[in-house]
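Engineer: Sending over input.pdb (PDB, C-alpha atoms).
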ATOM      1  CA  MET A 306      79.075  90.442  46.664
ATOM      2  CA  SER A 307      79.545  92.068  43.335
ATOM      3  CA  GLU A 308      82.247  90.990  40.918
ATOM      4  CA  ALA A 309      84.050  94.328  41.197
ATOM      5  CA  VAL A 310      84.491  93.925  44.948
ATOM      6  CA  LYS A 311      85.763  90.353  44.610
ATOM      7  CA  GLU A 312      88.423  91.348  42.079
ATOM      8  CA  VAL A 313      89.948  94.126  44.185
ATOM      9  CA  PRO A 314      93.119  92.737  45.780
ATOM     10  CA  LYS A 315      93.231  92.908  49.540
ATOM     11  CA  LYS A 316      95.643  95.473  50.877
ATOM     12  CA  GLU A 317      98.335  94.161  53.217
ATOM     13  CA  ARG A 318      97.795  95.637  56.633
ATOM     14  CA  PRO A 319     100.743  96.353  58.908
ATOM     15  CA  GLU A 320     101.188  94.148  61.916
ATOM     16  CA  ILE A 321     100.641  96.150  65.078
ATOM     17  CA  ARG A 322     101.951  94.574  68.235
ATOM     18  CA  ASN A 323     102.774  95.647  71.729
ATOM     19  CA  ILE A 324     106.317  96.319  72.843
ATOM     20  CA  HIS A 325     107.753  93.202  74.414
ATOM     21  CA  VAL A 326     110.376  93.208  77.164
ATOM     22  CA  THR A 327     113.010  92.082  74.668
ATOM     23  CA  ASP A 328     112.212  95.104  72.449
ATOM     24  CA  LEU A 329     112.986  97.616  75.186
ATOM     25  CA  MET A 330     116.690  97.698  74.367
ATOM     26  CA  ASN A 331     115.864  98.863  70.826
ATOM     27  CA  TYR A 332     113.358 101.497  71.962
ATOM     28  CA  ILE A 333     114.830 104.982  72.335
ATOM     29  CA  MET A 334     113.153 107.024  75.050
ATOM     30  CA  THR A 335     113.123 110.807  75.162
ATOM     31  CA  PRO A 336     114.300 112.758  78.228
ATOM     32  CA  GLY A 337     110.651 113.457  79.036
ATOM     33  CA  ALA A 338     109.946 109.733  79.150
ATOM     34  CA  TRP A 339     112.888 109.176  81.489
ATOM     35  CA  VAL A 340     111.711 111.982  83.785
ATOM     36  CA  SER A 341     108.178 110.588  83.833
ATOM     37  CA  ILE A 342     109.287 107.039  84.600
ATOM     38  CA  LEU A 343     111.793 108.155  87.241
ATOM     39  CA  HIS A 344     109.119 110.408  88.781
ATOM     40  CA  ARG A 345     106.964 107.333  89.333
ATOM     41  CA  VAL A 346     109.893 105.246  90.595
ATOM     42  CA  SER A 347     110.995 107.967  93.018
ATOM     43  CA  GLY A 348     107.432 108.408  94.276
ATOM     44  CA  ALA A 349     107.131 104.683  94.892
ATOM     45  CA  ALA A 350     110.495 104.596  96.692
ATOM     46  CA  ILE A 351     109.505 107.489  98.941
ATOM     47  CA  PHE A 352     106.123 105.896  99.669
ATOM     48  CA  LEU A 353     107.590 102.472 100.441
ATOM     49  CA  MET A 354     110.355 103.834 102.679
ATOM     50  CA  LEU A 355     108.087 106.232 104.571
ATOM     51  CA  PRO A 356     107.153 103.730 107.343
ATOM     52  CA  PHE A 357     110.856 102.995 107.916
ATOM     53  CA  LEU A 358     111.726 106.692 108.069
ATOM     54  CA  LEU A 359     108.860 107.399 110.463
ATOM     55  CA  TYR A 360     109.997 104.492 112.637
ATOM     56  CA  LEU A 361     113.535 105.896 112.743
ATOM     57  CA  PHE A 362     112.245 109.356 113.550
ATOM     58  CA  GLN A 363     109.871 108.148 116.261
ATOM     59  CA  HIS A 364     112.550 106.184 118.078
ATOM     60  CA  SER A 365     115.304 108.744 117.582
ATOM     61  CA  VAL A 366     113.365 111.488 119.400
ATOM     62  CA  GLN A 367     112.477 109.341 122.437
ATOM     63  CA  SER A 368     115.785 109.828 124.209
ATOM     64  CA  GLU A 369     119.332 110.952 123.671
ATOM     65  CA  MET A 370     120.534 107.351 123.931
ATOM     66  CA  SER A 371     118.193 106.115 121.178
ATOM     67  CA  PHE A 372     119.251 109.049 119.005
ATOM     68  CA  ASP A 373     122.904 108.061 119.402
ATOM     69  CA  TYR A 374     121.992 104.426 118.623
ATOM     70  CA  PHE A 375     120.310 105.307 115.320
ATOM     71  CA  LYS A 376     123.036 107.827 114.545
ATOM     72  CA  GLY A 377     125.521 104.959 114.828
ATOM     73  CA  ILE A 378     123.417 102.801 112.482
ATOM     74  CA  LEU A 379     123.220 105.566 109.890
ATOM     75  CA  ALA A 380     126.984 106.079 110.078
ATOM     76  CA  HIS A 381     127.485 102.766 108.238
ATOM     77  CA  PRO A 382     128.399 103.289 104.544
ATOM     78  CA  LEU A 383     125.646 100.962 103.301
ATOM     79  CA  ALA A 384     123.047 102.887 105.294
ATOM     80  CA  LYS A 385     124.440 106.097 103.823
ATOM     81  CA  LEU A 386     124.022 104.705 100.309
ATOM     82  CA  VAL A 387     120.390 103.832 101.039
ATOM     83  CA  LEU A 388     119.907 107.317 102.462
ATOM     84  CA  LEU A 389     121.561 108.804  99.368
ATOM     85  CA  GLY A 390     119.101 106.866  97.201
ATOM     86  CA  LEU A 391     116.235 108.323  99.217
ATOM     87  CA  ILE A 392     117.728 111.798  98.868
ATOM     88  CA  TRP A 393     117.872 111.320  95.091
ATOM     89  CA  ALA A 394     114.268 110.087  95.086
ATOM     90  CA  TYR A 395     113.134 113.170  96.985
ATOM     91  CA  MET A 396     115.163 115.614  94.882
ATOM     92  CA  HIS A 397     114.035 114.085  91.590
ATOM     93  CA  HIS A 398     110.404 113.823  92.678
ATOM     94  CA  PHE A 399     110.469 117.442  93.855
ATOM     95  CA  CYS A 400     112.008 118.816  90.637
ATOM     96  CA  ALA A 401     109.866 116.664  88.334
ATOM     97  CA  GLY A 402     106.783 117.633  90.318
ATOM     98  CA  PHE A 403     107.432 121.302  89.560
ATOM     99  CA  ARG A 404     107.907 120.446  85.887
ATOM    100  CA  HIS A 405     104.582 118.610  85.827
ATOM    101  CA  LEU A 406     102.843 121.493  87.599
ATOM    102  CA  PHE A 407     104.117 123.951  84.991
ATOM    103  CA  MET A 408     103.051 121.644  82.189
ATOM    104  CA  ASP A 409      99.592 121.337  83.781
ATOM    105  CA  MET A 410      99.357 125.119  83.481
ATOM    106  CA  HIS A 411     100.229 124.764  79.759
ATOM    107  CA  MET A 412     103.661 126.304  80.220
ATOM    108  CA  GLY A 413     106.579 124.707  78.415
ATOM    109  CA  ILE A 414     104.581 122.126  76.498
ATOM    110  CA  GLU A 415     106.221 122.816  73.155
ATOM    111  CA  LYS A 416     108.589 120.122  71.993
ATOM    112  CA  ALA A 417     111.836 122.055  72.482
ATOM    113  CA  SER A 418     110.969 123.588  75.840
ATOM    114  CA  SER A 419     109.601 120.277  77.101
ATOM    115  CA  ARG A 420     112.846 118.550  76.192
ATOM    116  CA  ASN A 421     114.894 121.316  77.828
ATOM    117  CA  SER A 422     112.870 121.169  81.027
ATOM    118  CA  ALA A 423     113.222 117.375  81.173
ATOM    119  CA  VAL A 424     116.983 117.580  80.778
ATOM    120  CA  SER A 425     117.153 120.358  83.375
ATOM    121  CA  VAL A 426     115.147 118.248  85.847
ATOM    122  CA  LEU A 427     117.595 115.374  85.405
ATOM    123  CA  VAL A 428     120.640 117.625  85.771
ATOM    124  CA  VAL A 429     119.343 119.714  88.699
ATOM    125  CA  SER A 430     118.189 116.680  90.670
ATOM    126  CA  LEU A 431     121.558 114.982  90.191
ATOM    127  CA  ILE A 432     123.458 118.134  91.202
ATOM    128  CA  LEU A 433     121.337 118.563  94.337
ATOM    129  CA  THR A 434     121.798 114.878  95.169
ATOM    130  CA  ALA A 435     125.560 115.161  94.678
ATOM    131  CA  LEU A 436     125.712 118.175  96.997
ATOM    132  CA  ALA A 437     123.658 116.392  99.646
ATOM    133  CA  GLY A 438     125.803 113.273  99.166
ATOM    134  CA  LEU A 439     128.993 115.245  99.702
ATOM    135  CA  LYS A 440     127.541 116.612 102.927
ATOM    136  CA  LEU A 441     126.303 113.152 103.954
ATOM    137  CA  PHE A 442     129.711 111.551 103.464
ATOM    138  CA  GLY A 443     131.454 114.380 105.325
ATOM    139  CA  VAL A 444     133.320 116.116 102.524
ATOM    140  CA  PHE A 445     132.198 119.504 103.829
TER     141      PHE A 445
END
How does this structure look as structure tokens?

Structural biologist:
Amino acid sequence: MSEAVKEVPKKERPEIRNIHVTDLMNYIMTPGAWVSILHRVSGAAIFLMLPFLLYLFQHSVQSEMSFDYFKGILAHPLAKLVLLGLIWAYMHHFCAGFRHLFMDMHMGIEKASSRNSAVSVLVVSLILTALAGLKLFGVF
């Protein structure tokens, strides 16, 4: 090596590390990140509960007596909460799916419109879930 290269001081490089689980509380996520993560969570919930829902449907249509049996099971408040969670998963996955389809067509990909669509997905899915929840719990 030449003398000129040896005399040049080494530049301090920044430490680049992955986000650790303990750093998640300090990490601020955008509404788009929340929609994306919840879209995956809702899809997984729907996929994992699908065999159970198909089982309920299969046995509920066999006879009037089996329908009344499963109707009685789903009248329990805990079962209604699980069903409300599935309703939220469907509503959120449906609304976020439309958002992703529009973004795949290069519509609403600017920063402001992307943020607005993410917030609207969160709000609309919660409103639809609340309406379905009110119906589920017999308010109207």

Engineer: Can you turn the PyMOL selection byres ((chain A and resi 411-422) around 12) into a concrete residue list for this file, as a tab-separated table (two decimals) with C-alpha atoms, in the coordinates of the input?

Structural biologist:
chain	number	residue	atom	x	y	z
A	334	MET	CA	113.15	107.02	75.05
A	335	THR	CA	113.12	110.81	75.16
A	336	PRO	CA	114.30	112.76	78.23
A	337	GLY	CA	110.65	113.46	79.04
A	338	ALA	CA	109.95	109.73	79.15
A	339	TRP	CA	112.89	109.18	81.49
A	340	VAL	CA	111.71	111.98	83.78
A	341	SER	CA	108.18	110.59	83.83
A	400	CYS	CA	112.01	118.82	90.64
A	401	ALA	CA	109.87	116.66	88.33
A	402	GLY	CA	106.78	117.63	90.32
A	403	PHE	CA	107.43	121.30	89.56
A	404	ARG	CA	107.91	120.45	85.89
A	405	HIS	CA	104.58	118.61	85.83
A	406	LEU	CA	102.84	121.49	87.60
A	407	PHE	CA	104.12	123.95	84.99
A	408	MET	CA	103.05	121.64	82.19
A	409	ASP	CA	99.59	121.34	83.78
A	410	MET	CA	99.36	125.12	83.48
A	423	ALA	CA	113.22	117.38	81.17
A	424	VAL	CA	116.98	117.58	80.78
A	425	SER	CA	117.15	120.36	83.38
A	426	VAL	CA	115.15	118.25	85.85
A	427	LEU	CA	117.60	115.37	85.40
A	428	VAL	CA	120.64	117.62	85.77
A	429	VAL	CA	119.34	119.71	88.70
A	430	SER	CA	118.19	116.68	90.67

Engineer: Would you mind telling me which residue in A:Leu391, A:Phe399, A:Asn323, A:Glu317 lies nearest to Phe357 of chain A when using only C-alpha atoms?

Structural biologist: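 Checking each candidate against Phe357 of chain A, we get A:Leu391 as the closest.
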
Engineer: Please indicate the distance in Å from atom CA of Ala394 of chain A to atom CA of Ile342 of chain A, rounded to one decimal place.

Structural biologist: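 One can read the atom CA of Ala394 of chain A to atom CA of Ile342 of chain A distance as 12.0 Å.
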
Engineer: For segment 404-422 of chain A, take all atoms listed in the file, fit an axis-aligned box around them, add 3 Å to each of the six sides, then output centre and edge lengths in Å rounded to one decimal, as AutoDock Vina command-line options.

Structural biologist:
--center_x 107.1 --center_y 122.4 --center_z 79.8 --size_x 21.5 --size_y 13.8 --size_z 21.6

Engineer: For atom CA of Leu439 of chain A and atom CA of Leu379 of chain A, quote the distance in Å rounded to one decimal.

Structural biologist: 15.2 Å

Engineer: Please measure the separation of atom CA of Ile351 of chain A and atom CA of Met396 of chain A, giving the value in Å to one decimal.

Structural biologist: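 Separation of atom CA of Ile351 of chain A and atom CA of Met396 of chain A: 10.7 Å.
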
Engineer: Apply the PyMOL selection byres ((chain A and resi 392) around 12) to the displayed file and report the matching residues as an MDAnalysis selection string.

Structural biologist: chainID A and resid 347:348 350:351 354 385:391 393:399 430:441

Engineer: Just add all heavy atoms to segment 401-412 of chain A and send it as a compact mmCIF listing (two decimals), in the coordinates of the input.

Structural biologist:
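Writing the result to part.txt gives the following:
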# COMPACT_ATOMS: atom_id res chain seq x y z
N ALA A 401 110.79 117.13 89.37
CA ALA A 401 109.87 116.66 88.33
C ALA A 401 108.44 117.08 88.65
O ALA A 401 107.64 117.35 87.75
CB ALA A 401 109.95 115.14 88.19
N GLY A 402 108.11 117.17 89.93
CA GLY A 402 106.78 117.63 90.32
C GLY A 402 106.54 119.07 89.89
O GLY A 402 105.46 119.41 89.39
N PHE A 403 107.56 119.93 90.05
CA PHE A 403 107.43 121.30 89.56
C PHE A 403 107.29 121.34 88.05
O PHE A 403 106.50 122.13 87.51
CB PHE A 403 108.63 122.15 89.99
CG PHE A 403 108.45 122.81 91.31
CD1 PHE A 403 109.23 122.44 92.38
CD2 PHE A 403 107.48 123.77 91.50
CE1 PHE A 403 109.06 123.03 93.62
CE2 PHE A 403 107.29 124.38 92.72
CZ PHE A 403 108.09 124.00 93.79
N ARG A 404 108.03 120.50 87.36
CA ARG A 404 107.91 120.45 85.89
C ARG A 404 106.49 120.05 85.49
O ARG A 404 105.90 120.66 84.60
CB ARG A 404 108.91 119.44 85.32
CG ARG A 404 108.81 119.28 83.81
CD ARG A 404 109.84 118.28 83.30
NE ARG A 404 109.77 118.17 81.87
CZ ARG A 404 109.13 117.19 81.23
NH1 ARG A 404 108.52 116.24 81.90
NH2 ARG A 404 109.11 117.17 79.91
N HIS A 405 105.94 119.05 86.16
CA HIS A 405 104.58 118.61 85.83
C HIS A 405 103.55 119.68 86.17
O HIS A 405 102.57 119.84 85.45
CB HIS A 405 104.26 117.30 86.55
CG HIS A 405 104.97 116.12 85.97
ND1 HIS A 405 104.79 115.70 84.67
CD2 HIS A 405 105.86 115.27 86.52
CE1 HIS A 405 105.54 114.64 84.45
NE2 HIS A 405 106.21 114.36 85.56
N LEU A 406 103.76 120.41 87.26
CA LEU A 406 102.84 121.49 87.60
C LEU A 406 102.84 122.58 86.53
O LEU A 406 101.79 123.10 86.15
CB LEU A 406 103.20 122.09 88.96
CG LEU A 406 102.81 121.27 90.18
CD1 LEU A 406 103.34 121.93 91.44
CD2 LEU A 406 101.30 121.13 90.26
N PHE A 407 104.04 122.95 86.06
CA PHE A 407 104.12 123.95 84.99
C PHE A 407 103.47 123.45 83.71
O PHE A 407 102.78 124.20 83.01
CB PHE A 407 105.57 124.36 84.72
CG PHE A 407 106.10 125.35 85.71
CD1 PHE A 407 107.14 125.02 86.55
CD2 PHE A 407 105.55 126.61 85.80
CE1 PHE A 407 107.62 125.93 87.48
CE2 PHE A 407 106.02 127.54 86.72
CZ PHE A 407 107.06 127.19 87.56
N MET A 408 103.66 122.18 83.40
CA MET A 408 103.05 121.64 82.19
C MET A 408 101.53 121.54 82.34
O MET A 408 100.81 121.69 81.35
CB MET A 408 103.67 120.29 81.85
CG MET A 408 105.12 120.42 81.42
SD MET A 408 105.88 118.87 81.01
CE MET A 408 105.24 118.63 79.36
N ASP A 409 101.03 121.33 83.56
CA ASP A 409 99.59 121.34 83.78
C ASP A 409 98.99 122.72 83.56
O ASP A 409 97.82 122.84 83.23
CB ASP A 409 99.26 120.86 85.20
CG ASP A 409 99.42 119.36 85.35
OD1 ASP A 409 99.48 118.66 84.31
OD2 ASP A 409 99.48 118.88 86.50
N MET A 410 99.81 123.76 83.74
CA MET A 410 99.36 125.12 83.48
C MET A 410 99.63 125.54 82.03
O MET A 410 99.59 126.71 81.71
CB MET A 410 100.04 126.09 84.44
CG MET A 410 99.61 125.90 85.88
SD MET A 410 100.28 127.13 87.01
CE MET A 410 102.02 126.76 86.98
N HIS A 411 99.96 124.56 81.19
CA HIS A 411 100.23 124.76 79.76
C HIS A 411 101.42 125.68 79.52
O HIS A 411 101.45 126.45 78.58
CB HIS A 411 98.99 125.30 79.04
CG HIS A 411 97.81 124.40 79.17
ND1 HIS A 411 97.72 123.22 78.49
CD2 HIS A 411 96.69 124.49 79.93
CE1 HIS A 411 96.58 122.62 78.81
NE2 HIS A 411 95.94 123.36 79.69
N MET A 412 102.41 125.56 80.38
CA MET A 412 103.66 126.30 80.22
C MET A 412 104.75 125.30 79.87
O MET A 412 104.92 124.29 80.54
CB MET A 412 104.02 127.04 81.51
CG MET A 412 102.99 128.06 81.93
SD MET A 412 103.26 128.69 83.59
CE MET A 412 104.85 129.43 83.45
